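Engineer: Coordinates in structure-v5.tsv, TSV, N, CA and C atoms and all ligand atoms, are listed below.
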```
chain	number	residue	atom	x	y	z
A	287	MET	N	106.54	103.60	88.08
A	287	MET	CA	106.30	102.78	89.27
A	287	MET	C	106.39	103.67	90.52
A	288	ASP	N	105.34	103.68	91.31
A	288	ASP	CA	105.41	104.52	92.51
A	288	ASP	C	106.17	103.80	93.64
A	289	ARG	N	106.34	104.52	94.69
A	289	ARG	CA	107.17	104.04	95.79
A	289	ARG	C	106.62	102.75	96.40
A	290	ARG	N	105.30	102.72	96.53
A	290	ARG	CA	104.63	101.59	97.16
A	290	ARG	C	104.79	100.33	96.30
A	291	THR	N	104.60	100.49	94.99
A	291	THR	CA	104.74	99.36	94.07
A	291	THR	C	106.18	98.85	94.08
A	292	LEU	N	107.09	99.80	94.07
A	292	LEU	CA	108.51	99.45	94.09
A	292	LEU	C	108.83	98.62	95.33
A	293	LEU	N	108.32	99.07	96.45
A	293	LEU	CA	108.59	98.38	97.71
A	293	LEU	C	108.03	96.96	97.69
A	294	SER	N	106.80	96.79	97.21
A	294	SER	CA	106.21	95.45	97.21
A	294	SER	C	106.92	94.54	96.20
A	295	THR	N	107.39	95.14	95.08
A	295	THR	CA	108.15	94.36	94.10
A	295	THR	C	109.45	93.86	94.71
A	296	LEU	N	110.13	94.76	95.41
A	296	LEU	CA	111.38	94.39	96.06
A	296	LEU	C	111.15	93.29	97.09
A	297	LEU	N	110.07	93.41	97.82
A	297	LEU	CA	109.74	92.39	98.82
A	297	LEU	C	109.49	91.04	98.16
A	298	ALA	N	108.78	91.06	97.03
A	298	ALA	CA	108.49	89.82	96.30
A	298	ALA	C	109.78	89.14	95.86
A	299	PHE	N	110.72	89.94	95.35
A	299	PHE	CA	112.00	89.38	94.93
A	299	PHE	C	112.75	88.79	96.11
A	300	ARG	N	112.64	89.48	97.23
A	300	ARG	CA	113.32	89.00	98.42
A	300	ARG	C	112.78	87.65	98.85
A	301	VAL	N	111.48	87.49	98.77
A	301	VAL	CA	110.86	86.22	99.14
A	301	VAL	C	111.33	85.12	98.20
A	302	LEU	N	111.38	85.43	96.88
A	302	LEU	CA	111.84	84.45	95.90
A	302	LEU	C	113.28	84.03	96.19
A	303	ALA	N	114.13	85.02	96.43
A	303	ALA	CA	115.54	84.74	96.67
A	303	ALA	C	115.72	83.92	97.94
A	304	ALA	N	114.80	84.13	98.88
A	304	ALA	CA	114.93	83.46	100.17
A	304	ALA	C	114.43	82.02	100.13
A	305	SER	N	113.68	81.64	99.08
A	305	SER	CA	113.18	80.27	99.04
A	305	SER	C	114.35	79.34	98.75
A	306	GLU	N	114.64	78.51	99.70
A	306	GLU	CA	115.87	77.74	99.65
A	306	GLU	C	115.77	76.49	98.79
A	307	LEU	N	116.92	76.11	98.26
A	307	LEU	CA	117.01	74.87	97.52
A	307	LEU	C	116.70	73.71	98.46
A	308	GLN	N	115.81	72.85	98.02
A	308	GLN	CA	115.46	71.69	98.84
A	308	GLN	C	115.11	70.52	97.95
A	309	THR	N	115.00	69.35	98.54
A	309	THR	CA	114.58	68.18	97.77
A	309	THR	C	113.24	67.68	98.29
A	310	LEU	N	112.45	67.17	97.39
A	310	LEU	CA	111.17	66.54	97.74
A	310	LEU	C	111.21	65.12	97.20
A	311	ARG	N	110.77	64.17	98.02
A	311	ARG	CA	110.74	62.78	97.58
A	311	ARG	C	109.34	62.22	97.77
A	312	GLY	N	108.88	61.51	96.76
A	312	GLY	CA	107.55	60.93	96.83
A	312	GLY	C	107.32	60.01	95.66
A	313	ARG	N	106.03	59.81	95.33
A	313	ARG	CA	105.67	58.99	94.16
A	313	ARG	C	105.43	59.90	92.98
A	314	LYS	N	106.09	59.61	91.87
A	314	LYS	CA	105.85	60.38	90.65
A	314	LYS	C	104.45	60.03	90.14
A	315	ARG	N	103.68	61.06	89.85
A	315	ARG	CA	102.35	60.87	89.29
A	315	ARG	C	102.28	61.52	87.91
A	316	ALA	N	101.34	61.04	87.11
A	316	ALA	CA	101.20	61.56	85.74
A	316	ALA	C	100.92	63.06	85.75
A	317	GLY	N	101.40	63.73	84.72
A	317	GLY	CA	101.11	65.15	84.57
A	317	GLY	C	101.93	66.03	85.49
A	318	ALA	N	103.21	65.73	85.64
A	318	ALA	CA	104.14	66.56	86.42
A	318	ALA	C	103.66	66.77	87.85
A	319	LYS	N	103.29	65.65	88.50
A	319	LYS	CA	102.84	65.71	89.90
A	319	LYS	C	103.72	64.80	90.74
A	320	LEU	N	103.86	65.19	91.99
A	320	LEU	CA	104.59	64.37	92.95
A	320	LEU	C	103.71	64.20	94.18
A	321	GLU	N	103.46	62.93	94.54
A	321	GLU	CA	102.64	62.66	95.72
A	321	GLU	C	103.56	62.41	96.90
A	322	LEU	N	103.49	63.29	97.88
A	322	LEU	CA	104.36	63.17	99.05
A	322	LEU	C	103.80	62.13	100.01
A	323	PRO	N	104.67	61.58	100.90
A	323	PRO	CA	104.17	60.67	101.93
A	323	PRO	C	103.08	61.40	102.72
A	324	GLY	N	101.95	60.79	102.90
A	324	GLY	CA	100.84	61.47	103.55
A	324	GLY	C	99.78	61.90	102.56
A	325	GLY	N	100.11	61.84	101.27
A	325	GLY	CA	99.09	62.02	100.25
A	325	GLY	C	98.99	63.40	99.63
A	326	VAL	N	99.77	64.37	100.13
A	326	VAL	CA	99.75	65.71	99.52
A	326	VAL	C	100.36	65.63	98.13
A	327	VAL	N	99.67	66.20	97.14
A	327	VAL	CA	100.18	66.17	95.77
A	327	VAL	C	100.69	67.56	95.40
A	328	ILE	N	101.94	67.60	94.95
A	328	ILE	CA	102.60	68.85	94.58
A	328	ILE	C	102.69	68.91	93.05
A	329	THR	N	102.46	70.09	92.49
A	329	THR	CA	102.65	70.30	91.06
A	329	THR	C	104.10	70.72	90.81
A	330	LEU	N	104.73	70.05	89.85
A	330	LEU	CA	106.12	70.35	89.53
A	330	LEU	C	106.19	71.23	88.29
A	331	ALA	N	107.07	72.22	88.34
A	331	ALA	CA	107.29	73.10	87.20
A	331	ALA	C	108.78	73.10	86.88
A	332	GLY	N	109.12	73.47	85.64
A	332	GLY	CA	110.54	73.51	85.28
A	332	GLY	C	110.70	73.98	83.85
A	333	ASP	N	111.95	73.93	83.38
A	333	ASP	CA	112.20	74.36	82.01
A	333	ASP	C	111.69	73.29	81.02
A	334	ASP	N	111.80	73.56	79.72
A	334	ASP	CA	111.19	72.68	78.71
A	334	ASP	C	111.67	71.23	78.84
A	335	GLU	N	112.98	71.04	79.00
A	335	GLU	CA	113.51	69.68	79.05
A	335	GLU	C	113.11	68.98	80.35
A	336	THR	N	113.08	69.73	81.43
A	336	THR	CA	112.60	69.17	82.70
A	336	THR	C	111.15	68.71	82.56
A	337	MET	N	110.34	69.51	81.85
A	337	MET	CA	108.94	69.15	81.67
A	337	MET	C	108.81	67.89	80.80
A	338	LEU	N	109.73	67.69	79.86
A	338	LEU	CA	109.71	66.46	79.06
A	338	LEU	C	109.93	65.24	79.97
A	339	VAL	N	110.89	65.38	80.90
A	339	VAL	CA	111.15	64.28	81.84
A	339	VAL	C	109.91	64.04	82.71
A	340	LEU	N	109.35	65.12	83.22
A	340	LEU	CA	108.19	64.99	84.13
A	340	LEU	C	106.98	64.43	83.40
A	341	GLY	N	106.96	64.55	82.08
A	341	GLY	CA	105.86	64.01	81.29
A	341	GLY	C	106.11	62.59	80.81
A	342	ASP	N	107.27	62.02	81.17
A	342	ASP	CA	107.62	60.67	80.72
A	342	ASP	C	106.84	59.64	81.54
A	343	ALA	N	105.90	58.96	80.89
A	343	ALA	CA	105.02	58.01	81.59
A	343	ALA	C	105.79	56.84	82.19
A	344	ARG	N	107.01	56.57	81.69
A	344	ARG	CA	107.81	55.47	82.24
A	344	ARG	C	108.21	55.74	83.69
A	345	LEU	N	108.13	57.00	84.11
A	345	LEU	CA	108.53	57.37	85.48
A	345	LEU	C	107.36	57.37	86.45
A	346	ASP	N	106.14	57.31	85.91
A	346	ASP	CA	104.96	57.39	86.78
A	346	ASP	C	104.91	56.22	87.75
A	347	GLY	N	104.61	56.54	89.00
A	347	GLY	CA	104.49	55.51	90.03
A	347	GLY	C	105.79	55.18	90.72
A	348	LEU	N	106.90	55.73	90.23
A	348	LEU	CA	108.20	55.40	90.82
A	348	LEU	C	108.49	56.28	92.05
A	349	ASP	N	109.41	55.77	92.87
A	349	ASP	CA	109.94	56.50	94.02
A	349	ASP	C	110.86	57.58	93.45
A	350	PHE	N	110.45	58.83	93.54
A	350	PHE	CA	111.05	59.90	92.75
A	350	PHE	C	111.49	61.05	93.64
A	351	GLU	N	112.54	61.74	93.23
A	351	GLU	CA	113.03	62.88	94.01
A	351	GLU	C	113.37	64.03	93.09
A	352	VAL	N	112.99	65.23	93.51
A	352	VAL	CA	113.32	66.43	92.73
A	352	VAL	C	114.03	67.43	93.63
A	353	ALA	N	114.92	68.21	93.03
A	353	ALA	CA	115.58	69.30	93.74
A	353	ALA	C	115.11	70.62	93.13
A	354	GLY	N	114.79	71.57	93.99
A	354	GLY	CA	114.33	72.85	93.49
A	354	GLY	C	113.87	73.74	94.63
A	355	ARG	N	112.91	74.61	94.31
A	355	ARG	CA	112.44	75.57	95.30
A	355	ARG	C	110.92	75.69	95.22
A	356	ARG	N	110.30	75.92	96.35
A	356	ARG	CA	108.87	76.20	96.37
A	356	ARG	C	108.66	77.56	95.73
A	357	SER	N	107.75	77.63	94.75
A	357	SER	CA	107.56	78.91	94.06
A	357	SER	C	106.20	79.52	94.35
A	358	ALA	N	105.21	78.69	94.64
A	358	ALA	CA	103.86	79.16	94.96
A	358	ALA	C	103.23	78.06	95.80
A	359	PRO	N	102.12	78.33	96.45
A	359	PRO	CA	101.49	77.26	97.24
A	359	PRO	C	101.19	76.03	96.38
A	360	GLY	N	101.74	74.88	96.76
A	360	GLY	CA	101.48	73.65	96.04
A	360	GLY	C	102.29	73.47	94.78
A	361	VAL	N	103.18	74.44	94.49
A	361	VAL	CA	103.99	74.36	93.27
A	361	VAL	C	105.47	74.36	93.63
A	362	PHE	N	106.21	73.48	92.96
A	362	PHE	CA	107.64	73.33	93.23
A	362	PHE	C	108.39	73.52	91.93
A	363	GLN	N	109.29	74.49	91.90
A	363	GLN	CA	110.06	74.79	90.69
A	363	GLN	C	111.35	73.97	90.70
A	364	VAL	N	111.45	73.02	89.77
A	364	VAL	CA	112.62	72.15	89.69
A	364	VAL	C	113.79	72.93	89.09
A	365	GLU	N	114.99	72.65	89.55
A	365	GLU	CA	116.19	73.31	89.05
A	365	GLU	C	116.34	73.08	87.54
A	366	PRO	N	117.06	73.98	86.84
A	366	PRO	CA	117.26	73.83	85.39
A	366	PRO	C	117.89	72.48	85.04
A	367	ILE	N	117.64	72.01	83.81
A	367	ILE	CA	118.00	70.65	83.41
A	367	ILE	C	119.50	70.36	83.54
A	368	HIS	N	120.37	71.38	83.44
A	368	HIS	CA	121.82	71.12	83.51
A	368	HIS	C	122.28	70.87	84.96
A	369	ILE	N	121.39	71.10	85.91
A	369	ILE	CA	121.73	70.83	87.31
A	369	ILE	C	121.07	69.50	87.70
A	370	PRO	N	121.82	68.58	88.31
A	370	PRO	CA	121.18	67.30	88.71
A	370	PRO	C	120.03	67.56	89.67
A	371	ALA	N	118.81	67.29	89.22
A	371	ALA	CA	117.64	67.63	90.03
A	371	ALA	C	116.53	66.60	89.93
A	372	LEU	N	116.72	65.57	89.09
A	372	LEU	CA	115.66	64.58	88.86
A	372	LEU	C	116.24	63.19	89.13
A	373	PHE	N	115.70	62.53	90.14
A	373	PHE	CA	116.26	61.25	90.57
A	373	PHE	C	115.14	60.24	90.79
A	374	LEU	N	115.50	58.96	90.69
A	374	LEU	CA	114.59	57.92	91.14
A	374	LEU	C	115.38	56.97	92.02
A	375	TYR	N	114.62	56.26	92.85
A	375	TYR	CA	115.25	55.28	93.74
A	375	TYR	C	114.92	53.88	93.26
A	376	ARG	N	115.96	53.08	93.12
A	376	ARG	CA	115.77	51.69	92.69
A	376	ARG	C	116.75	50.84	93.49
A	377	ASP	N	116.22	49.80	94.15
A	377	ASP	CA	117.04	48.92	94.99
A	377	ASP	C	117.88	49.70	95.99
A	378	GLY	N	117.27	50.74	96.57
A	378	GLY	CA	117.96	51.53	97.58
A	378	GLY	C	118.99	52.49	97.05
A	379	LYS	N	119.11	52.56	95.73
A	379	LYS	CA	120.10	53.46	95.14
A	379	LYS	C	119.42	54.68	94.54
A	380	ARG	N	120.07	55.83	94.71
A	380	ARG	CA	119.55	57.06	94.13
A	380	ARG	C	120.19	57.25	92.76
A	381	LEU	N	119.35	57.26	91.73
A	381	LEU	CA	119.84	57.31	90.35
A	381	LEU	C	119.35	58.58	89.68
A	382	ARG	N	120.23	59.24	88.94
A	382	ARG	CA	119.83	60.42	88.18
A	382	ARG	C	119.12	59.98	86.91
A	383	VAL	N	117.98	60.59	86.63
A	383	VAL	CA	117.24	60.25	85.42
A	383	VAL	C	118.06	60.69	84.21
A	384	SER	N	118.32	59.74	83.31
A	384	SER	CA	118.99	60.09	82.06
A	384	SER	C	118.53	59.15	80.97
A	385	TYR	N	118.88	59.50	79.75
A	385	TYR	CA	118.44	58.76	78.57
A	385	TYR	C	119.65	58.43	77.72
A	386	TRP	N	119.55	57.30	77.01
A	386	TRP	CA	120.73	56.74	76.37
A	386	TRP	C	120.40	56.27	74.97
A	387	CYS	N	121.22	56.64	74.01
A	387	CYS	CA	121.11	56.07	72.67
A	387	CYS	C	122.12	54.94	72.56
A	388	ASP	N	121.62	53.71	72.38
A	388	ASP	CA	122.53	52.56	72.35
A	388	ASP	C	123.15	52.35	70.97
A	389	VAL	N	122.79	53.20	70.01
A	389	VAL	CA	123.45	53.16	68.71
A	389	VAL	C	124.67	54.09	68.72
A	390	CYS	N	124.47	55.30	69.21
A	390	CYS	CA	125.53	56.32	69.16
A	390	CYS	C	126.29	56.45	70.48
A	391	TYR	N	125.81	55.76	71.54
A	391	TYR	CA	126.40	55.93	72.87
A	391	TYR	C	126.37	57.39	73.30
A	392	ILE	N	125.22	58.01	73.11
A	392	ILE	CA	125.04	59.40	73.51
A	392	ILE	C	124.03	59.44	74.66
A	393	ARG	N	124.41	60.17	75.74
A	393	ARG	CA	123.53	60.31	76.90
A	393	ARG	C	122.90	61.70	76.90
A	394	THR	N	121.62	61.74	77.21
A	394	THR	CA	120.93	63.03	77.32
A	394	THR	C	120.13	63.06	78.62
A	395	TRP	N	119.66	64.24	79.00
A	395	TRP	CA	118.93	64.41	80.26
A	395	TRP	C	117.43	64.45	80.07
A	396	ALA	N	116.98	64.46	78.82
A	396	ALA	CA	115.55	64.52	78.56
A	396	ALA	C	115.19	63.47	77.51
A	397	PRO	N	113.95	62.94	77.57
A	397	PRO	CA	113.55	61.93	76.59
A	397	PRO	C	113.33	62.52	75.21
A	398	GLY	N	113.33	61.63	74.22
A	398	GLY	CA	113.08	62.08	72.86
A	398	GLY	C	113.97	61.35	71.89
A	399	LEU	N	114.07	61.88	70.67
A	399	LEU	CA	114.89	61.25	69.64
A	399	LEU	C	116.35	61.62	69.84
A	400	CYS	N	117.23	60.66	69.57
A	400	CYS	CA	118.67	60.93	69.59
A	400	CYS	C	118.95	62.00	68.53
A	401	TRP	N	119.73	63.04	68.90
A	401	TRP	CA	120.00	64.13	67.94
A	401	TRP	C	120.89	63.67	66.80
A	402	CYS	N	121.53	62.50	66.98
A	402	CYS	CA	122.45	62.00	65.95
A	402	CYS	C	121.72	61.08	64.97
A	403	CYS	N	121.14	59.96	65.47
A	403	CYS	CA	120.57	58.96	64.57
A	403	CYS	C	119.04	58.99	64.53
A	404	ARG	N	118.42	59.83	65.37
A	404	ARG	CA	116.96	59.98	65.41
A	404	ARG	C	116.23	58.76	65.97
A	405	LYS	N	116.93	57.87	66.63
A	405	LYS	CA	116.27	56.75	67.29
A	405	LYS	C	115.75	57.24	68.64
A	406	GLU	N	114.62	56.68	69.09
A	406	GLU	CA	114.07	57.02	70.40
A	406	GLU	C	115.05	56.59	71.48
A	407	THR	N	115.43	57.51	72.37
A	407	THR	CA	116.39	57.15	73.41
A	407	THR	C	115.73	56.29	74.49
A	408	LEU	N	116.55	55.52	75.18
A	408	LEU	CA	116.07	54.62	76.23
A	408	LEU	C	116.20	55.31	77.59
A	409	LEU	N	115.22	55.06	78.47
A	409	LEU	CA	115.35	55.53	79.84
A	409	LEU	C	116.47	54.75	80.50
A	410	ASP	N	117.47	55.45	81.00
A	410	ASP	CA	118.64	54.77	81.55
A	410	ASP	C	119.17	55.53	82.78
A	411	PRO	N	118.44	55.44	83.91
A	411	PRO	CA	118.89	56.14	85.11
A	411	PRO	C	120.22	55.58	85.58
A	412	ARG	N	121.07	56.45	86.10
A	412	ARG	CA	122.35	55.93	86.57
A	412	ARG	C	122.87	56.70	87.77
A	413	GLU	N	123.76	56.04	88.50
A	413	GLU	CA	124.33	56.65	89.69
A	413	GLU	C	125.19	57.83	89.30
A	414	GLU	N	125.06	58.92	90.06
A	414	GLU	CA	125.92	60.06	89.85
A	414	GLU	C	127.25	59.80	90.51
A	415	SER	N	128.31	60.03	89.79
A	415	SER	CA	129.62	59.80	90.40
A	415	SER	C	130.07	61.08	91.11
B	1	ZN	ZN	121.72	57.80	68.23
```
Using structure tokens, write down the structure that the file contains.
Structural biologist:
Amino acid sequence: MDRRTLLSTLLAFRVLAASELQTLRGRKRAGAKLELPGGVVITLAGDDETMLVLGDARLDGLDFEVAGRRSAPGVFQVEPIHIPALFLYRDGKRLRVSYWCDVCYIRTWAPGLCWCCRKETLLDPREES
């Protein structure tokens, strides 16, 4: 790597590090999209489990909020699944998106089958304490 490449790489990392944690709120749209007030549509990116949540059709059209960082023009990188970063608003309350197995009483952060009994988990957003 020559000096010039090194310098531009370092600058790129600096820009990434400088992109601050922020929240975006809008309407959840199908295919990991968020429509902001005013109609701008942002593409959401994240880890595998975050993408499972963003692909959950039960969330489409809801008043939705994500926490993360802008990573490229029009793209927003959502925080990793273990960090509270996916919320919806219902009756004026901000609820963290979560899933619940009503057989095993097991809560998870991404949709899918319960790891214990293999039943499809229920969407069960709840207030963060
Ligand atoms: Zn279960």
Engineer: Could you list, with a cut-off of 6.5 Å and counting all atoms listed in the file, the residues of chain A near ligand ZN 1 (chain B), each shown with its nearest atom pair and the distance in Å rounded to one decimal, rows sorted by chain and ascending number, as a tab-separated table?
Structural biologist:
```
residue	atom	partner	partner_atom	distance
A:Cys387	CA	B:ZN1	ZN	4.8
A:Asp388	N	B:ZN1	ZN	5.8
A:Val389	C	B:ZN1	ZN	4.8
A:Cys390	N	B:ZN1	ZN	3.8
A:Tyr391	N	B:ZN1	ZN	5.6
A:Ile392	N	B:ZN1	ZN	6.0
A:Cys400	CA	B:ZN1	ZN	4.6
A:Trp401	N	B:ZN1	ZN	5.6
A:Cys402	C	B:ZN1	ZN	4.6
A:Cys403	N	B:ZN1	ZN	3.6
A:Arg404	N	B:ZN1	ZN	4.8
A:Lys405	N	B:ZN1	ZN	5.1
```
Engineer: Which residues, written as a list in words, have at least one atom at most 6.5 Å from Asp333 (chain A), with all atoms listed in the file counted and residues fewer than 2 positions away on the same chain left out?
Structural biologist: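 Surrounding residues, per the criterion: Ala331, Glu335, Thr336, Met337, Leu338, Val364, Glu365, Pro366 and Ile367 of chain A.
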Engineer: Grab the residues selected above and save them as an mmCIF file, in the frame of the given file with N, CA and C atoms.
Structural biologist:
```
data_model
loop_
_atom_site.group_PDB
_atom_site.id
_atom_site.type_symbol
_atom_site.label_atom_id
_atom_site.label_comp_id
_atom_site.auth_asym_id
_atom_site.auth_seq_id
_atom_site.Cartn_x
_atom_site.Cartn_y
_atom_site.Cartn_z
ATOM 1 N N ALA A 331 107.070 72.220 88.340
ATOM 2 C CA ALA A 331 107.290 73.100 87.200
ATOM 3 C C ALA A 331 108.780 73.100 86.880
ATOM 4 N N GLU A 335 112.980 71.040 79.000
ATOM 5 C CA GLU A 335 113.510 69.680 79.050
ATOM 6 C C GLU A 335 113.110 68.980 80.350
ATOM 7 N N THR A 336 113.080 69.730 81.430
ATOM 8 C CA THR A 336 112.600 69.170 82.700
ATOM 9 C C THR A 336 111.150 68.710 82.560
ATOM 10 N N MET A 337 110.340 69.510 81.850
ATOM 11 C CA MET A 337 108.940 69.150 81.670
ATOM 12 C C MET A 337 108.810 67.890 80.800
ATOM 13 N N LEU A 338 109.730 67.690 79.860
ATOM 14 C CA LEU A 338 109.710 66.460 79.060
ATOM 15 C C LEU A 338 109.930 65.240 79.970
ATOM 16 N N VAL A 364 111.450 73.020 89.770
ATOM 17 C CA VAL A 364 112.620 72.150 89.690
ATOM 18 C C VAL A 364 113.790 72.930 89.090
ATOM 19 N N GLU A 365 114.990 72.650 89.550
ATOM 20 C CA GLU A 365 116.190 73.310 89.050
ATOM 21 C C GLU A 365 116.340 73.080 87.540
ATOM 22 N N PRO A 366 117.060 73.980 86.840
ATOM 23 C CA PRO A 366 117.260 73.830 85.390
ATOM 24 C C PRO A 366 117.890 72.480 85.040
ATOM 25 N N ILE A 367 117.640 72.010 83.810
ATOM 26 C CA ILE A 367 118.000 70.650 83.410
ATOM 27 C C ILE A 367 119.500 70.360 83.540
#
```
Engineer: Considering only N, CA and C atoms, can you say which of A:Val361, A:Thr407, A:Pro397, A:Glu321 comes closest to Asp342 (chain A)?
Structural biologist: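 Ranked by minimum distance to Asp342 (chain A), first place goes to A:Pro397.
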Engineer: Do you have the CA of Gly325 (chain A)-CA of Pro370 (chain A) distance handy?
Structural biologist: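 About the pair CA of Gly325 (chain A) and CA of Pro370 (chain A): they are 25.5 Å apart.
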Engineer: Can you work out the spacing between CA of Ser384 (chain A) and CA of Gly324 (chain A) in Å, to one decimal?
Structural biologist: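 Calculated distance between CA of Ser384 (chain A) and CA of Gly324 (chain A) is 28.2 Å.
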Engineer: Would you list, as number ranges by chain, the residues of region 307-410 of chain A that end up in helix (DSSP H, G or I) under DSSP run on this structure's backbone?
Structural biologist: A: 334-340, 343-345
Engineer: Those same residues, written as a short mmCIF file (atom, residue, chain, number, x, y, z; two decimals), keeping the file's coordinate frame with N, CA and C atoms?
Structural biologist:
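Heads up, here's the output in part_17.cif:
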```
data_model
loop_
_atom_site.label_atom_id
_atom_site.label_comp_id
_atom_site.auth_asym_id
_atom_site.auth_seq_id
_atom_site.Cartn_x
_atom_site.Cartn_y
_atom_site.Cartn_z
N ASP A 334 111.80 73.56 79.72
CA ASP A 334 111.19 72.68 78.71
C ASP A 334 111.67 71.23 78.84
N GLU A 335 112.98 71.04 79.00
CA GLU A 335 113.51 69.68 79.05
C GLU A 335 113.11 68.98 80.35
N THR A 336 113.08 69.73 81.43
CA THR A 336 112.60 69.17 82.70
C THR A 336 111.15 68.71 82.56
N MET A 337 110.34 69.51 81.85
CA MET A 337 108.94 69.15 81.67
C MET A 337 108.81 67.89 80.80
N LEU A 338 109.73 67.69 79.86
CA LEU A 338 109.71 66.46 79.06
C LEU A 338 109.93 65.24 79.97
N VAL A 339 110.89 65.38 80.90
CA VAL A 339 111.15 64.28 81.84
C VAL A 339 109.91 64.04 82.71
N LEU A 340 109.35 65.12 83.22
CA LEU A 340 108.19 64.99 84.13
C LEU A 340 106.98 64.43 83.40
N ALA A 343 105.90 58.96 80.89
CA ALA A 343 105.02 58.01 81.59
C ALA A 343 105.79 56.84 82.19
N ARG A 344 107.01 56.57 81.69
CA ARG A 344 107.81 55.47 82.24
C ARG A 344 108.21 55.74 83.69
N LEU A 345 108.13 57.00 84.11
CA LEU A 345 108.53 57.37 85.48
C LEU A 345 107.36 57.37 86.45
#
```
Engineer: Give me, please, the distance in Å between CA of Pro359 (chain A) and CA of Arg344 (chain A), quoted to one decimal.
Structural biologist: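 Between these atoms lies a distance of 27.2 Å.
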Engineer: Taking all atoms of region 371-389 of chain A that appear in the file, build a box with edges along x, y and z, extend it by 6 Å on every side, and state its centre and edge lengths in Å to one decimal, as AutoDock Vina command-line options.
Structural biologist:
```
--center_x 119.6 --center_y 58.3 --center_z 83.1 --size_x 22.1 --size_y 30.7 --size_z 40.9
```
Engineer: Fewer than 6 positions away in the same chain doesn't count, so skip those; otherwise give me all residues within 7 Å of Ala316 (chain A), counting all atoms listed in the file, as a ChimeraX atom specification.
Structural biologist: /A:340-341,343,346-347
Engineer: Would you list the residues near (102.7, 80.7, 95.7), meaning any protein, DNA or RNA residue with an atom at most 12 Å from that point in file coordinates, counting only C-alpha atoms, as a PDB file with N, CA and C atoms, in the frame of the given file?
Structural biologist:
```pdb
ATOM      1  N   ALA A 298     108.780  91.060  97.030  1.00  0.00           N
ATOM      2  CA  ALA A 298     108.490  89.820  96.300  1.00  0.00           C
ATOM      3  C   ALA A 298     109.780  89.140  95.860  1.00  0.00           C
ATOM      4  N   VAL A 301     111.480  87.490  98.770  1.00  0.00           N
ATOM      5  CA  VAL A 301     110.860  86.220  99.140  1.00  0.00           C
ATOM      6  C   VAL A 301     111.330  85.120  98.200  1.00  0.00           C
ATOM      7  N   LEU A 302     111.380  85.430  96.880  1.00  0.00           N
ATOM      8  CA  LEU A 302     111.840  84.450  95.900  1.00  0.00           C
ATOM      9  C   LEU A 302     113.280  84.030  96.190  1.00  0.00           C
ATOM     10  N   SER A 305     113.680  81.640  99.080  1.00  0.00           N
ATOM     11  CA  SER A 305     113.180  80.270  99.040  1.00  0.00           C
ATOM     12  C   SER A 305     114.350  79.340  98.750  1.00  0.00           C
ATOM     13  N   ILE A 328     101.940  67.600  94.950  1.00  0.00           N
ATOM     14  CA  ILE A 328     102.600  68.850  94.580  1.00  0.00           C
ATOM     15  C   ILE A 328     102.690  68.910  93.050  1.00  0.00           C
ATOM     16  N   THR A 329     102.460  70.090  92.490  1.00  0.00           N
ATOM     17  CA  THR A 329     102.650  70.300  91.060  1.00  0.00           C
ATOM     18  C   THR A 329     104.100  70.720  90.810  1.00  0.00           C
ATOM     19  N   ARG A 355     112.910  74.610  94.310  1.00  0.00           N
ATOM     20  CA  ARG A 355     112.440  75.570  95.300  1.00  0.00           C
ATOM     21  C   ARG A 355     110.920  75.690  95.220  1.00  0.00           C
ATOM     22  N   ARG A 356     110.300  75.920  96.350  1.00  0.00           N
ATOM     23  CA  ARG A 356     108.870  76.200  96.370  1.00  0.00           C
ATOM     24  C   ARG A 356     108.660  77.560  95.730  1.00  0.00           C
ATOM     25  N   SER A 357     107.750  77.630  94.750  1.00  0.00           N
ATOM     26  CA  SER A 357     107.560  78.910  94.060  1.00  0.00           C
ATOM     27  C   SER A 357     106.200  79.520  94.350  1.00  0.00           C
ATOM     28  N   ALA A 358     105.210  78.690  94.640  1.00  0.00           N
ATOM     29  CA  ALA A 358     103.860  79.160  94.960  1.00  0.00           C
ATOM     30  C   ALA A 358     103.230  78.060  95.800  1.00  0.00           C
ATOM     31  N   PRO A 359     102.120  78.330  96.450  1.00  0.00           N
ATOM     32  CA  PRO A 359     101.490  77.260  97.240  1.00  0.00           C
ATOM     33  C   PRO A 359     101.190  76.030  96.380  1.00  0.00           C
ATOM     34  N   GLY A 360     101.740  74.880  96.760  1.00  0.00           N
ATOM     35  CA  GLY A 360     101.480  73.650  96.040  1.00  0.00           C
ATOM     36  C   GLY A 360     102.290  73.470  94.780  1.00  0.00           C
ATOM     37  N   VAL A 361     103.180  74.440  94.490  1.00  0.00           N
ATOM     38  CA  VAL A 361     103.990  74.360  93.270  1.00  0.00           C
ATOM     39  C   VAL A 361     105.470  74.360  93.630  1.00  0.00           C
ATOM     40  N   PHE A 362     106.210  73.480  92.960  1.00  0.00           N
ATOM     41  CA  PHE A 362     107.640  73.330  93.230  1.00  0.00           C
ATOM     42  C   PHE A 362     108.390  73.520  91.930  1.00  0.00           C
ATOM     43  N   GLN A 363     109.290  74.490  91.900  1.00  0.00           N
ATOM     44  CA  GLN A 363     110.060  74.790  90.690  1.00  0.00           C
ATOM     45  C   GLN A 363     111.350  73.970  90.700  1.00  0.00           C
TER      46      GLN A 363
END
```
Engineer: Report the residues of chain A whose backbone DSSP state falls under strand (DSSP E or B), written as a PyMOL selection string.
Structural biologist: chain A and resi 308-315+319-321+327-331+349-358+361-364+372-376+379-382+385-387+392-394+399+406+408-409+412-413
Engineer: Compare A:Leu381, A:Ala353, A:Leu322, A:Ile369 by their minimum atom-to-atom distance to Glu414 (chain A), counting only C-alpha atoms, and give me the closest one.
Structural biologist: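 Of the candidates, the smallest distance to Glu414 (chain A) is held by A:Leu381.
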Engineer: Please identify every residue of region 289-401 of chain A that has at least one atom no farther than 6.5 Å from an atom of region 410-413 of chain A, counting only N, CA and C atoms, and for each give the shortest atom pair and the distance in Å to one decimal, arranged by chain then increasing number, as CSV.
Structural biologist:
```
residue,atom,partner,partner_atom,distance
A:Arg380,C,A:Glu413,CA,5.2
A:Leu381,CA,A:Arg412,C,4.0
A:Arg382,N,A:Arg412,C,3.8
A:Val383,CA,A:Pro411,CA,4.4
A:Ser384,C,A:Asp410,N,3.8
A:Tyr385,CA,A:Asp410,N,4.2
A:Trp386,N,A:Asp410,N,4.9
```
